[in-house]
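Pasting query_9.cif here (mmCIF, C-alpha atoms):
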```
data_protein
#
loop_
_atom_site.label_atom_id
_atom_site.label_comp_id
_atom_site.auth_asym_id
_atom_site.auth_seq_id
_atom_site.Cartn_x
_atom_site.Cartn_y
_atom_site.Cartn_z
CA MET A 1 263.20 -175.72 -136.80
CA ALA A 2 263.95 -177.60 -133.65
CA ALA A 3 261.84 -177.33 -130.52
CA GLY A 4 262.64 -174.30 -128.45
CA ALA A 5 263.82 -172.33 -131.46
CA PRO A 6 263.98 -168.54 -131.03
CA ARG A 7 261.16 -166.39 -132.29
CA ILE A 8 261.36 -164.87 -135.76
CA PHE A 9 260.07 -161.43 -136.67
CA VAL A 10 258.09 -161.56 -139.89
CA SER A 11 259.80 -158.49 -141.35
CA HIS A 12 262.95 -160.64 -141.55
CA LEU A 13 261.09 -163.20 -143.68
CA ALA A 14 259.87 -160.77 -146.35
CA GLY A 15 261.56 -161.54 -149.65
CA VAL A 16 263.60 -164.41 -148.20
CA PRO A 17 264.35 -167.11 -150.82
CA VAL A 18 262.57 -170.47 -150.55
CA PHE A 19 264.48 -173.61 -151.54
CA ASP A 20 263.64 -177.27 -152.00
CA PRO A 21 265.80 -179.97 -150.31
CA ASN A 22 268.10 -180.13 -153.36
CA GLY A 23 268.99 -176.46 -153.05
CA ASP A 24 266.90 -175.38 -156.06
CA LYS A 25 265.14 -172.08 -155.60
CA VAL A 26 261.34 -172.31 -155.53
CA GLY A 27 260.67 -168.59 -155.09
CA ARG A 28 260.63 -166.09 -152.26
CA VAL A 29 258.39 -165.27 -149.32
CA SER A 30 255.75 -162.67 -150.16
CA ASP A 31 253.61 -162.87 -146.99
CA ILE A 32 252.56 -165.07 -144.07
CA VAL A 33 249.00 -166.41 -143.76
CA ALA A 34 247.46 -166.59 -140.27
CA MET A 35 244.04 -167.44 -138.89
CA LEU A 36 242.69 -165.41 -135.99
CA ARG A 37 241.19 -167.45 -133.13
CA VAL A 38 238.53 -166.75 -130.57
CA GLY A 39 239.41 -165.17 -127.26
CA ARG A 40 243.00 -164.13 -126.85
CA ARG A 41 244.58 -167.27 -128.19
CA PRO A 42 247.50 -166.44 -130.52
CA PRO A 43 246.68 -166.86 -134.24
CA ARG A 44 247.90 -170.03 -135.87
CA LEU A 45 250.09 -169.72 -138.97
CA LEU A 46 248.61 -171.60 -141.90
CA GLY A 47 251.43 -171.14 -144.36
CA MET A 48 253.44 -168.77 -146.49
CA VAL A 49 252.56 -166.99 -149.69
CA VAL A 50 255.50 -167.65 -152.01
CA GLU A 51 256.12 -165.81 -155.26
CA VAL A 52 257.57 -168.43 -157.60
CA LEU A 53 259.82 -167.76 -160.57
CA THR A 54 256.85 -167.21 -162.93
CA ARG A 55 255.66 -164.40 -160.56
CA ARG A 56 252.64 -166.49 -159.60
CA ARG A 57 251.85 -166.40 -155.87
CA ILE A 58 251.25 -169.84 -154.42
CA PHE A 59 250.40 -171.11 -150.94
CA VAL A 60 252.91 -173.30 -149.09
CA PRO A 61 251.45 -174.82 -145.87
CA MET A 62 253.57 -174.60 -142.73
CA THR A 63 253.51 -178.41 -142.63
CA ARG A 64 255.60 -178.38 -145.82
CA ILE A 65 258.20 -176.03 -144.37
CA THR A 66 261.03 -177.95 -142.78
CA GLY A 67 263.41 -175.14 -141.89
CA VAL A 68 263.67 -171.42 -141.43
CA GLU A 69 267.39 -170.77 -141.29
CA SER A 70 269.65 -167.76 -141.80
CA GLY A 71 268.14 -165.93 -144.75
CA GLN A 72 266.30 -168.88 -146.27
CA VAL A 73 263.24 -171.11 -145.98
CA ILE A 74 263.43 -174.84 -146.79
CA THR A 75 260.40 -176.81 -148.02
CA THR A 76 259.72 -180.53 -148.32
CA GLY A 77 260.20 -180.17 -152.08
CA VAL A 78 256.71 -180.78 -153.48
CA VAL A 79 254.49 -177.72 -153.70
CA ASN A 80 251.07 -177.11 -155.19
CA MET A 81 251.43 -174.55 -157.98
CA ARG A 82 247.80 -173.46 -157.83
CA ARG A 83 247.47 -169.69 -157.48
CA PHE A 84 246.97 -168.45 -153.89
CA GLU A 85 243.50 -167.12 -153.10
CA GLN A 86 242.89 -165.64 -149.67
CA ARG A 87 239.90 -166.97 -147.73
CA PRO A 88 237.64 -164.78 -145.56
CA THR A 89 238.97 -166.27 -142.32
CA GLU A 90 242.61 -165.68 -143.25
CA ARG A 91 244.80 -162.66 -142.55
CA LEU A 92 248.01 -161.66 -144.32
CA VAL A 93 250.46 -160.78 -141.57
CA LEU A 94 252.61 -158.35 -143.56
CA GLY A 95 249.88 -156.92 -145.73
CA GLU A 96 247.13 -156.52 -143.14
CA LEU A 97 248.48 -156.59 -139.58
CA LEU A 98 251.54 -154.33 -139.70
CA ASP A 99 250.97 -150.59 -139.08
CA ARG A 100 247.63 -151.24 -137.38
CA ARG A 101 246.52 -149.14 -134.44
CA VAL A 102 245.66 -151.50 -131.58
CA ARG A 103 245.06 -151.07 -127.85
CA LEU A 104 246.99 -152.48 -124.95
CA VAL A 105 244.99 -154.67 -122.57
CA GLY A 106 245.44 -154.44 -118.81
CA PRO A 107 245.66 -157.36 -116.35
CA SER A 108 241.92 -157.15 -115.69
CA GLY A 109 241.02 -156.99 -119.36
CA GLU A 110 240.49 -153.24 -119.50
CA GLU A 111 241.56 -151.50 -122.72
CA GLY A 112 244.41 -149.02 -122.42
CA GLU A 113 246.34 -146.70 -124.74
CA GLU A 114 246.62 -147.01 -128.50
CA VAL A 115 249.89 -148.23 -130.02
CA THR A 116 251.11 -148.90 -133.57
CA VAL A 117 252.19 -152.39 -134.66
CA LEU A 118 255.71 -152.29 -136.12
CA ASP A 119 256.42 -156.01 -136.37
CA ILE A 120 255.11 -159.41 -135.33
CA ALA A 121 257.08 -162.40 -134.03
CA VAL A 122 256.23 -166.03 -134.80
CA GLN A 123 257.45 -169.22 -133.18
CA GLN A 124 257.16 -172.94 -133.74
CA LEU A 125 255.41 -174.79 -130.94
CA PRO A 126 257.63 -177.24 -129.02
CA ALA A 127 257.68 -180.80 -130.37
CA ARG A 128 255.09 -179.93 -133.04
CA ARG A 129 255.09 -178.67 -136.61
CA GLU A 130 252.58 -175.96 -135.84
CA TRP A 131 253.46 -172.27 -135.74
CA GLU A 132 251.70 -169.37 -134.11
CA ILE A 133 252.12 -165.66 -133.57
CA ASP A 134 254.12 -165.16 -130.42
CA LYS A 135 254.76 -161.47 -129.74
CA VAL A 136 253.85 -158.04 -131.08
CA PHE A 137 256.40 -155.24 -131.41
CA VAL A 138 254.68 -151.87 -130.95
CA ARG A 139 255.37 -148.16 -130.63
CA ARG A 140 253.70 -145.63 -128.38
CA GLY A 141 252.57 -142.31 -129.77
CA LYS A 142 250.42 -141.06 -132.61
CA PRO A 143 250.72 -142.52 -136.13
CA GLY A 144 253.46 -140.90 -138.14
CA ALA A 145 256.80 -141.35 -139.81
CA LEU A 146 258.63 -144.59 -139.15
CA ARG A 147 261.54 -142.90 -137.40
CA ARG A 148 259.47 -140.55 -135.27
CA LYS A 149 260.46 -140.82 -131.66
CA GLY A 150 258.30 -142.94 -129.41
CA GLU A 151 258.91 -145.77 -127.00
CA THR A 152 259.01 -149.18 -128.65
CA PHE A 153 258.53 -152.47 -126.82
CA THR A 154 257.38 -156.06 -127.29
CA VAL A 155 254.22 -157.52 -125.74
CA GLU A 156 252.40 -160.82 -125.76
CA TRP A 157 249.65 -161.26 -128.37
CA SER A 158 247.12 -161.47 -125.54
CA ALA A 159 248.20 -158.03 -124.30
CA VAL A 160 246.72 -156.21 -127.31
CA THR A 161 243.30 -156.01 -128.91
CA GLY A 162 241.98 -154.63 -132.17
CA PHE A 163 243.37 -156.97 -134.82
CA SER A 164 239.97 -158.40 -135.67
CA LEU A 165 238.47 -154.97 -136.42
CA GLU A 166 238.42 -153.35 -139.85
CA GLU A 167 241.21 -150.80 -139.74
CA GLU A 168 240.44 -147.30 -140.99
CA GLY A 169 243.29 -145.05 -142.05
CA GLN A 170 245.90 -147.75 -141.45
CA GLY A 171 249.42 -146.51 -142.07
CA ALA A 172 251.96 -148.34 -144.18
CA GLU A 173 255.38 -147.23 -142.97
CA SER A 174 256.35 -150.59 -141.47
CA LEU A 175 255.18 -152.51 -144.54
CA VAL A 176 257.10 -150.14 -146.83
CA ALA A 177 260.23 -150.52 -144.69
CA THR A 178 259.87 -154.30 -144.80
CA PHE A 179 259.92 -154.30 -148.60
CA GLU A 180 262.33 -151.39 -149.13
CA ARG A 181 264.97 -153.61 -150.74
CA LEU A 182 262.63 -155.02 -153.37
CA ARG A 183 263.03 -153.97 -156.99
CA PRO A 184 260.18 -151.77 -158.27
CA ALA A 185 258.71 -154.63 -160.32
CA ASP A 186 258.62 -156.89 -157.26
CA LEU A 187 257.11 -154.23 -155.00
CA ALA A 188 254.54 -153.60 -157.74
CA ASN A 189 253.62 -157.27 -157.62
CA VAL A 190 253.18 -157.06 -153.83
CA MET A 191 250.96 -153.97 -154.17
CA HIS A 192 248.89 -155.54 -156.94
CA HIS A 193 247.79 -158.29 -154.57
CA LEU A 194 246.85 -155.95 -151.71
CA SER A 195 243.31 -154.73 -151.18
CA PRO A 196 242.52 -151.37 -152.85
CA LYS A 197 242.43 -149.72 -149.41
CA ARG A 198 245.83 -151.12 -148.41
CA ARG A 199 247.27 -150.36 -151.84
CA ALA A 200 246.34 -146.69 -151.44
CA GLU A 201 247.94 -146.60 -147.99
CA VAL A 202 251.19 -148.07 -149.28
CA ALA A 203 251.22 -145.60 -152.18
CA ALA A 204 250.75 -142.73 -149.73
CA ALA A 205 253.75 -143.95 -147.69
CA LEU A 206 256.15 -144.21 -150.66
CA ASP A 207 258.19 -141.19 -151.73
CA ASP A 208 257.51 -139.73 -155.17
CA ASP A 209 260.44 -141.34 -156.97
CA ARG A 210 259.80 -144.79 -155.52
CA LEU A 211 256.08 -144.57 -156.27
CA ALA A 212 256.84 -143.43 -159.82
CA ASP A 213 259.10 -146.46 -160.36
CA VAL A 214 256.44 -148.80 -158.96
CA LEU A 215 253.61 -147.27 -160.99
CA GLU A 216 255.56 -147.92 -164.18
CA GLU A 217 255.46 -151.65 -163.34
CA LEU A 218 251.77 -151.91 -162.40
CA PRO A 219 248.85 -152.83 -164.68
CA ASP A 220 246.91 -149.89 -166.14
CA ASP A 221 243.91 -150.38 -163.84
CA ASP A 222 246.08 -150.26 -160.71
CA GLN A 223 247.89 -147.16 -162.00
CA VAL A 224 244.66 -145.27 -162.60
CA GLU A 225 243.22 -146.37 -159.24
CA ILE A 226 246.30 -145.26 -157.27
CA LEU A 227 246.71 -141.96 -159.12
CA GLY A 228 243.03 -141.20 -158.56
CA LYS A 229 243.43 -141.53 -154.78
CA LEU A 230 246.37 -139.12 -154.57
CA LYS A 231 245.91 -135.42 -154.06
CA GLU A 232 246.20 -133.71 -157.43
CA GLU A 233 249.37 -131.81 -156.52
CA ARG A 234 251.10 -135.02 -155.46
CA ALA A 235 249.78 -136.89 -158.49
CA ALA A 236 251.43 -134.24 -160.68
CA ASP A 237 254.71 -134.62 -158.76
CA VAL A 238 254.65 -138.39 -159.27
CA LEU A 239 253.93 -137.99 -162.99
CA GLU A 240 256.95 -135.68 -163.23
CA ALA A 241 259.12 -138.37 -161.63
CA MET A 242 257.96 -141.02 -164.12
CA ASP A 243 259.60 -141.56 -167.50
CA PRO A 244 257.74 -139.30 -169.94
CA ASP A 245 256.51 -142.20 -172.07
CA ASP A 246 255.11 -144.01 -169.02
CA ALA A 247 253.49 -140.81 -167.75
CA ALA A 248 251.91 -140.29 -171.18
CA ASP A 249 250.59 -143.86 -171.21
CA LEU A 250 249.02 -143.37 -167.78
CA LEU A 251 247.49 -140.00 -168.63
CA SER A 252 246.02 -141.42 -171.83
CA GLU A 253 243.89 -143.73 -169.64
CA LEU A 254 242.27 -140.78 -167.84
CA PRO A 255 239.26 -138.68 -168.86
CA GLU A 256 240.25 -135.60 -170.88
CA GLU A 257 239.40 -133.16 -168.07
CA ASP A 258 241.50 -135.03 -165.49
CA LYS A 259 244.40 -135.34 -167.92
CA GLU A 260 244.46 -131.62 -168.70
CA ARG A 261 244.16 -130.67 -165.04
CA LEU A 262 247.17 -132.81 -164.09
CA LEU A 263 249.23 -131.58 -167.03
CA ALA A 264 248.55 -128.00 -165.94
CA LEU A 265 249.91 -128.82 -162.46
CA MET A 266 253.13 -130.35 -163.80
CA ARG A 267 256.30 -128.37 -164.43
CA PRO A 268 256.09 -126.80 -167.92
CA ASP A 269 259.13 -128.66 -169.28
CA ASP A 270 257.88 -132.04 -168.04
CA ALA A 271 254.36 -131.37 -169.27
CA ALA A 272 255.69 -130.35 -172.69
CA ASP A 273 257.50 -133.70 -173.09
CA VAL A 274 254.37 -135.62 -172.13
CA ARG A 275 252.11 -133.54 -174.40
CA ARG A 276 254.47 -134.22 -177.30
CA LEU A 277 254.14 -137.96 -176.72
CA LEU A 278 250.37 -137.78 -176.34
CA ALA A 279 250.18 -136.25 -179.83
CA TYR A 280 251.22 -139.59 -181.39
CA GLU A 281 249.17 -142.74 -181.73
CA GLU A 282 249.90 -145.10 -178.86
CA ARG A 283 251.10 -148.06 -180.93
CA THR A 284 253.60 -146.11 -183.03
CA ALA A 285 257.27 -145.26 -182.57
CA GLY A 286 256.29 -141.74 -181.47
CA GLY A 287 253.84 -143.05 -178.90
CA LEU A 288 256.31 -145.65 -177.59
CA MET A 289 259.46 -143.54 -177.42
CA THR A 290 261.09 -141.87 -174.47
CA THR A 291 262.13 -138.25 -174.97
CA GLU A 292 265.20 -138.61 -172.74
CA PRO A 293 267.86 -140.69 -174.55
CA ILE A 294 271.57 -139.87 -174.21
CA VAL A 295 272.25 -137.07 -176.71
CA LEU A 296 275.79 -135.80 -177.38
CA ARG A 297 277.21 -133.10 -179.61
CA PRO A 298 279.74 -134.06 -182.32
CA ASP A 299 282.64 -132.58 -180.33
CA ALA A 300 281.95 -134.79 -177.29
CA THR A 301 284.57 -137.45 -176.52
CA VAL A 302 284.33 -141.13 -175.68
CA ALA A 303 285.09 -140.17 -172.06
CA ASP A 304 282.07 -137.81 -172.10
CA ALA A 305 279.88 -140.55 -173.53
CA LEU A 306 280.96 -143.13 -170.96
CA ALA A 307 280.31 -140.67 -168.15
CA ARG A 308 276.73 -140.26 -169.39
CA VAL A 309 276.27 -144.01 -169.80
CA ARG A 310 277.31 -144.54 -166.17
CA GLN A 311 274.37 -142.53 -164.80
CA GLN A 312 272.63 -144.76 -162.28
CA ASP A 313 269.06 -143.85 -163.17
CA LEU A 314 269.41 -144.93 -166.82
CA SER A 315 267.79 -148.18 -167.88
CA PRO A 316 270.13 -150.74 -169.49
CA ALA A 317 268.37 -150.25 -172.83
CA LEU A 318 268.87 -146.47 -172.83
CA ALA A 319 272.49 -146.87 -171.70
CA ALA A 320 273.25 -149.24 -174.58
CA GLN A 321 273.94 -146.43 -177.04
CA VAL A 322 274.33 -142.67 -177.42
CA TYR A 323 272.87 -140.47 -180.14
CA VAL A 324 275.04 -137.79 -181.79
CA CYS A 325 273.23 -134.63 -182.90
CA ARG A 326 273.98 -131.01 -183.69
CA PRO A 327 272.78 -128.43 -181.13
CA PRO A 328 270.35 -128.17 -179.46
CA ASP A 329 271.10 -131.44 -177.70
CA GLU A 330 267.72 -131.92 -176.03
CA THR A 331 264.88 -133.53 -177.97
CA PRO A 332 263.79 -132.41 -180.47
CA THR A 333 267.43 -131.88 -181.33
CA GLY A 334 269.35 -130.35 -184.19
CA LYS A 335 270.27 -132.56 -187.13
CA TYR A 336 270.62 -136.23 -186.16
CA LEU A 337 274.05 -137.56 -187.25
CA GLY A 338 273.97 -141.15 -186.02
CA MET A 339 274.50 -143.30 -182.96
CA VAL A 340 277.38 -145.02 -181.19
CA HIS A 341 276.88 -148.34 -179.41
CA PHE A 342 278.28 -148.82 -175.92
CA GLN A 343 280.57 -151.63 -177.10
CA ARG A 344 282.20 -149.31 -179.65
CA LEU A 345 282.81 -146.73 -176.91
CA LEU A 346 284.74 -149.37 -174.95
CA ARG A 347 287.03 -150.12 -177.89
CA ASP A 348 288.30 -146.59 -178.56
CA PRO A 349 290.58 -144.22 -176.58
CA PRO A 350 288.83 -141.81 -174.18
CA PHE A 351 289.89 -138.70 -176.15
CA THR A 352 288.31 -139.90 -179.43
CA LEU A 353 285.48 -137.70 -180.71
CA VAL A 354 282.14 -139.50 -180.93
CA SER A 355 281.55 -137.88 -184.33
CA LEU A 356 284.30 -140.15 -185.69
CA LEU A 357 282.53 -143.28 -184.43
CA VAL A 358 278.90 -142.72 -185.42
CA ASP A 359 276.99 -145.42 -187.26
CA SER A 360 275.15 -143.35 -189.86
CA ASP A 361 274.18 -146.27 -192.10
CA LEU A 362 271.37 -147.57 -189.89
CA PRO A 363 268.14 -145.79 -190.88
CA PRO A 364 266.22 -144.22 -188.00
CA LEU A 365 262.52 -144.77 -187.39
CA GLY A 366 259.87 -142.22 -188.21
CA PRO A 367 257.43 -141.26 -185.42
CA ASP A 368 254.48 -142.84 -187.27
CA THR A 369 256.18 -146.24 -187.68
CA PRO A 370 253.64 -148.85 -186.43
CA LEU A 371 254.43 -151.16 -183.53
CA PRO A 372 254.97 -154.37 -185.60
CA ALA A 373 257.50 -152.55 -187.78
CA VAL A 374 259.30 -151.20 -184.70
CA ALA A 375 259.55 -154.72 -183.28
CA GLY A 376 260.81 -156.03 -186.62
CA TYR A 377 263.42 -153.25 -186.79
CA LEU A 378 264.83 -154.13 -183.36
CA ALA A 379 264.89 -157.83 -184.22
CA ALA A 380 266.45 -157.34 -187.67
CA TYR A 381 269.29 -155.16 -186.44
CA ASN A 382 269.76 -156.88 -183.04
CA MET A 383 269.09 -153.60 -181.21
CA VAL A 384 267.70 -152.89 -177.74
CA ALA A 385 266.83 -149.28 -178.63
CA ALA A 386 266.21 -147.33 -181.82
CA PRO A 387 266.28 -143.62 -182.72
CA VAL A 388 263.08 -141.83 -183.75
CA VAL A 389 263.67 -138.91 -186.16
CA ASP A 390 261.18 -136.47 -187.72
CA GLU A 391 260.99 -135.30 -191.32
CA SER A 392 263.39 -132.42 -190.69
CA GLY A 393 266.07 -134.82 -189.41
CA SER A 394 265.77 -133.93 -185.72
CA LEU A 395 265.98 -136.66 -183.07
CA LEU A 396 262.64 -136.90 -181.22
CA GLY A 397 263.49 -139.74 -178.86
CA ALA A 398 264.31 -143.44 -178.69
CA VAL A 399 262.18 -146.57 -178.55
CA THR A 400 263.45 -149.26 -176.15
CA VAL A 401 262.78 -152.97 -176.36
CA ASP A 402 261.07 -153.09 -172.95
CA ASP A 403 258.42 -150.60 -174.10
CA VAL A 404 257.86 -152.60 -177.26
CA LEU A 405 257.38 -155.79 -175.24
CA ASP A 406 254.95 -154.03 -172.89
CA HIS A 407 252.70 -153.30 -175.86
CA LEU A 408 253.15 -156.64 -177.65
CA LEU A 409 252.34 -158.81 -174.63
CA PRO A 410 248.71 -159.32 -173.53
CA GLU A 411 247.34 -156.59 -171.24
CA ASP A 412 247.29 -159.03 -168.31
CA TRP A 413 250.81 -160.35 -168.95
CA ARG A 414 251.84 -159.62 -165.36
CA GLU A 415 249.23 -162.16 -164.29
CA THR A 416 250.19 -164.69 -166.95
CA ASP A 417 251.55 -168.05 -165.84
CA PHE A 418 254.42 -168.70 -168.22
CA HIS A 419 254.45 -172.38 -167.28
CA GLU A 420 250.85 -173.54 -167.46
CA GLU A 421 251.68 -177.06 -166.35
CA GLY A 422 252.07 -177.82 -162.66
CA VAL A 423 255.67 -177.68 -161.50
CA THR A 424 257.16 -179.77 -158.73
CA HIS A 425 260.43 -179.07 -157.02
CA GLY A 426 262.50 -181.87 -155.63
CA GLY A 427 261.28 -185.40 -155.07
#
```
As structure tokens:
Amino acid sequence: MAAGAPRIFVSHLAGVPVFDPNGDKVGRVSDIVAMLRVGRRPPRLLGMVVEVLTRRRIFVPMTRITGVESGQVITTGVVNMRRFEQRPTERLVLGELLDRRVRLVGPSGEEGEEVTVLDIAVQQLPARREWEIDKVFVRRGKPGALRRKGETFTVEWSAVTGFSLEEEGQGAESLVATFERLRPADLANVMHHLSPKRRAEVAAALDDDRLADVLEELPDDDQVEILGKLKEERAADVLEAMDPDDAADLLSELPEEDKERLLALMRPDDAADVRRLLAYEERTAGGLMTTEPIVLRPDATVADALARVRQQDLSPALAAQVYVCRPPDETPTGKYLGMVHFQRLLRDPPFTLVSLLVDSDLPPLGPDTPLPAVAGYLAAYNMVAAPVVDESGSLLGAVTVDDVLDHLLPEDWRETDFHEEGVTHGG
């Protein structure tokens, strides 16, 4: 940026793509690293934490950032791909400074009222390549919901105090709002790299559905830690919002007493689905399946099927095909007749009965089918989901390819660097 450039609020940098000089995407901004200084001197920005395409978080020094333009950050092109590790003297601006309760400082240095930090502005120093925190955007009033009324205003960094103290009971509304557009998997990656204390605060600020989506993308240890810090009633609500197979996987990690207590707090129908999944071995078709595939009766039409496929909350794998069964049409169903792939639905008139289109030649999986055989089945038949049917011929659920991959990959696959060699971008 040129000298005299306007200040930038860090919330506008969250998730912004980072490019090299050739226009190739390096990754996206995950956080800003600052170093607090003695007295009331504004903190100096050391660099940006950038999540690269392999989901590794690396450190890009501010000296290697040549431009912060509309919706993008430009680097010099050569970056060190070593994983970012925070040092004791460093602070993450988004992860640690937003939502803090700080005090205003009067002209004579006396401490005044408490305010909440909503955002922080940074600016490049004139004629230099150094950056520092410039202003703090705060709100008067007690901590609470993001949209609660209260006067908001911007002050100089020197006009507040309290950033260097360990924050107890720090909120997370501003941080959550900053990352509200991230996909669940990306927000999960942000939360994974927060401190346990901050992770719990962010979880508390998310609504049940959003937290459920994020939990499904977190490693097992993080899931158990977060669930354990929620009140039991809310933990049960979040489990209800999760896909039954993911909820079952999470509950299977808990001690028996905790698992039974949470199941008792869940709605009976939701708990019944989860208990059914818990009855199967984890690495079998029954343990992997979801109990909520698209089930249609034989007299349903192609138009009915396409309407179900269009449901926004369906994963692409579950939306890839519908399963035709006799009543009842909730798992476990009546007799399983076969399935119809999405592509076949697109080729036939809307009034066509799905019973005329079913593929009944493909054998379904049994609930005790082991994981390697499930993976082989999907690969052999080029499927992204497969039906699971019991001995009586009733559909129990469907196994999707994403759940199979979750169990085939190493437990720490989210931390795995898929390109072990160093990568350079640009010249």
When the PyMOL selection byres ((chain A and resi 90-101) around 6) is applied to the file above, which residues end up in the set, as a PDB file with C-alpha atoms, in the frame of the given file?
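part.pdb, freshly written:
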```
ATOM      1  CA  ASP A  31     253.610-162.870-146.990  1.00  0.00           C
ATOM      2  CA  ILE A  32     252.560-165.070-144.070  1.00  0.00           C
ATOM      3  CA  VAL A  33     249.000-166.410-143.760  1.00  0.00           C
ATOM      4  CA  ALA A  34     247.460-166.590-140.270  1.00  0.00           C
ATOM      5  CA  MET A  35     244.040-167.440-138.890  1.00  0.00           C
ATOM      6  CA  ARG A  87     239.900-166.970-147.730  1.00  0.00           C
ATOM      7  CA  PRO A  88     237.640-164.780-145.560  1.00  0.00           C
ATOM      8  CA  THR A  89     238.970-166.270-142.320  1.00  0.00           C
ATOM      9  CA  VAL A 102     245.660-151.500-131.580  1.00  0.00           C
ATOM     10  CA  VAL A 115     249.890-148.230-130.020  1.00  0.00           C
ATOM     11  CA  THR A 116     251.110-148.900-133.570  1.00  0.00           C
ATOM     12  CA  VAL A 117     252.190-152.390-134.660  1.00  0.00           C
ATOM     13  CA  LEU A 118     255.710-152.290-136.120  1.00  0.00           C
ATOM     14  CA  GLN A 170     245.900-147.750-141.450  1.00  0.00           C
ATOM     15  CA  GLY A 171     249.420-146.510-142.070  1.00  0.00           C
ATOM     16  CA  ALA A 172     251.960-148.340-144.180  1.00  0.00           C
ATOM     17  CA  SER A 174     256.350-150.590-141.470  1.00  0.00           C
TER      18      SER A 174
END
```
Emit as JSON the padded axis-aligned box for all listed atoms of range 187-195 of chain A, 5 Å per side, with centre and edge lengths in Å to one decimal.
```
{"center_x": 250.2, "center_y": -155.9, "center_z": -154.5, "size_x": 23.8, "size_y": 14.7, "size_z": 16.6}
```
Subject >> Test item: residues at most 7 Å from range 50-58 of chain A, all atoms listed in the file, excluding those fewer than 6 positions along its chain, as a VMD selection string >> reply: chain A and resid 26 to 30 81 to 84 417 to 418
**OP:** Decode the PyMOL selection byres ((chain A and resi 104) around 7) for the given file into explicit residues and return them as a PyMOL selection string.
**Re:** chain A and resi 102-103+105-106+111-114+159-161
Subject >> Interatomic distance (Å, one decimal) between CA of Arg344 in chain A and CA of Asp313 in chain A >> reply: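 So the two atoms, CA of Arg344 in chain A and CA of Asp313 in chain A, lie 21.8 Å apart.
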I'd like the contact shell of Phe9 in chain A - 8 Å cut-off, all atoms listed in the file, skipping same-chain residues fewer than 4 positions apart - returned as a short mmCIF file (atom, residue, chain, number, x, y, z; two decimals) with C-alpha atoms, keeping the file's coordinate frame.
```cif
data_model
loop_
_atom_site.label_atom_id
_atom_site.label_comp_id
_atom_site.auth_asym_id
_atom_site.auth_seq_id
_atom_site.Cartn_x
_atom_site.Cartn_y
_atom_site.Cartn_z
CA LEU A 13 261.09 -163.20 -143.68
CA ASP A 119 256.42 -156.01 -136.37
CA ILE A 120 255.11 -159.41 -135.33
CA ALA A 121 257.08 -162.40 -134.03
CA VAL A 122 256.23 -166.03 -134.80
#
```
Subject >> Selection result for the PyMOL selection byres ((chain A and resi 280) around 12) on this file, as a list in words >> reply: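 On the file shown, the PyMOL selection byres ((chain A and resi 280) around 12) covers Asp245, Ala248, Asp249, Ser252, Asp273, Val274, Arg275, Arg276, Leu277, Leu278, Ala279, Glu281, Glu282, Arg283, Thr284, Ala285, Gly286, Gly287, Leu288, Met289, Gly366, Pro367, Asp368, Thr369, Pro370 and Leu396 of chain A.
With all atoms listed in the file as the atoms that count, the residue of A:Leu254, A:Arg261, A:Asp237, A:Ala204 with the shortest distance to Gln223 in chain A is A:Leu254.
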**OP:** Please provide the set of residues having any atom within 12 Å of Val238 in chain A, restricted to only C-alpha atoms, with same-chain residues fewer than 5 positions apart removed, written as a ChimeraX atom specification.
**Re:** /A:203-204,206-216,223,226-228,230-233,243-244,246-247,250-251,262-263,265-267,270
**OP:** Neighbourhood query: residues within 8 Å of (254.3, -169.0, -134.1), file coordinates, counting only C-alpha atoms; return as a list in words.
**Re:**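 In the file's frame, the residues around the point are Arg7, Pro43, Arg44, Leu45, Ala121, Val122, Gln123, Gln124, Leu125, Glu130, Trp131, Glu132, Ile133 and Asp134 of chain A.
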**OP:** State, in Å with one decimal place, the distance from CA of Thr291 in chain A to CA of Pro219 in chain A.
**Re:** 22.2 Å
Subject >> Closest of A:Asp406, A:Glu253, A:Asp20, A:Asp329 to Ile65 in chain A - atom-to-atom distances counting only C-alpha atoms >> reply: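 Smallest separation from Ile65 in chain A among the options: A:Asp20.
Going from CA of Arg140 in chain A over to CA of Leu194 in chain A, you cover 26.4 Å.
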Up to 9 Å from (253.0, -152.8, -155.5) in the file's coordinates: name the residues, counting all atoms listed in the file, as a compact mmCIF listing (two decimals) with C-alpha atoms, in the frame of the given file.
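Ended up saving to out_1.txt:
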```txt
# COMPACT_ATOMS: atom_id res chain seq x y z
CA PRO A 184 260.18 -151.77 -158.27
CA ALA A 185 258.71 -154.63 -160.32
CA ASP A 186 258.62 -156.89 -157.26
CA LEU A 187 257.11 -154.23 -155.00
CA ALA A 188 254.54 -153.60 -157.74
CA ASN A 189 253.62 -157.27 -157.62
CA VAL A 190 253.18 -157.06 -153.83
CA MET A 191 250.96 -153.97 -154.17
CA HIS A 192 248.89 -155.54 -156.94
CA HIS A 193 247.79 -158.29 -154.57
CA LEU A 194 246.85 -155.95 -151.71
CA ARG A 199 247.27 -150.36 -151.84
CA VAL A 202 251.19 -148.07 -149.28
CA ALA A 203 251.22 -145.60 -152.18
CA LEU A 211 256.08 -144.57 -156.27
CA VAL A 214 256.44 -148.80 -158.96
CA LEU A 215 253.61 -147.27 -160.99
CA GLU A 217 255.46 -151.65 -163.34
CA LEU A 218 251.77 -151.91 -162.40
```
Original post:
Quick one: of A:Lys25, A:Ala307, A:Val295, A:Leu408, who's nearest to Ala373 in chain A, counting all atoms listed in the file?
Top reply: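 Smallest separation from Ala373 in chain A among the options: A:Leu408.
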Original post:
So which one's closest to Pro17 in chain A, A:Gly77, A:Gly71, A:Pro364, A:Gly376? Using only C-alpha atoms, please.
Top reply: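 Distance minimum relative to Pro17 in chain A lands on A:Gly71.
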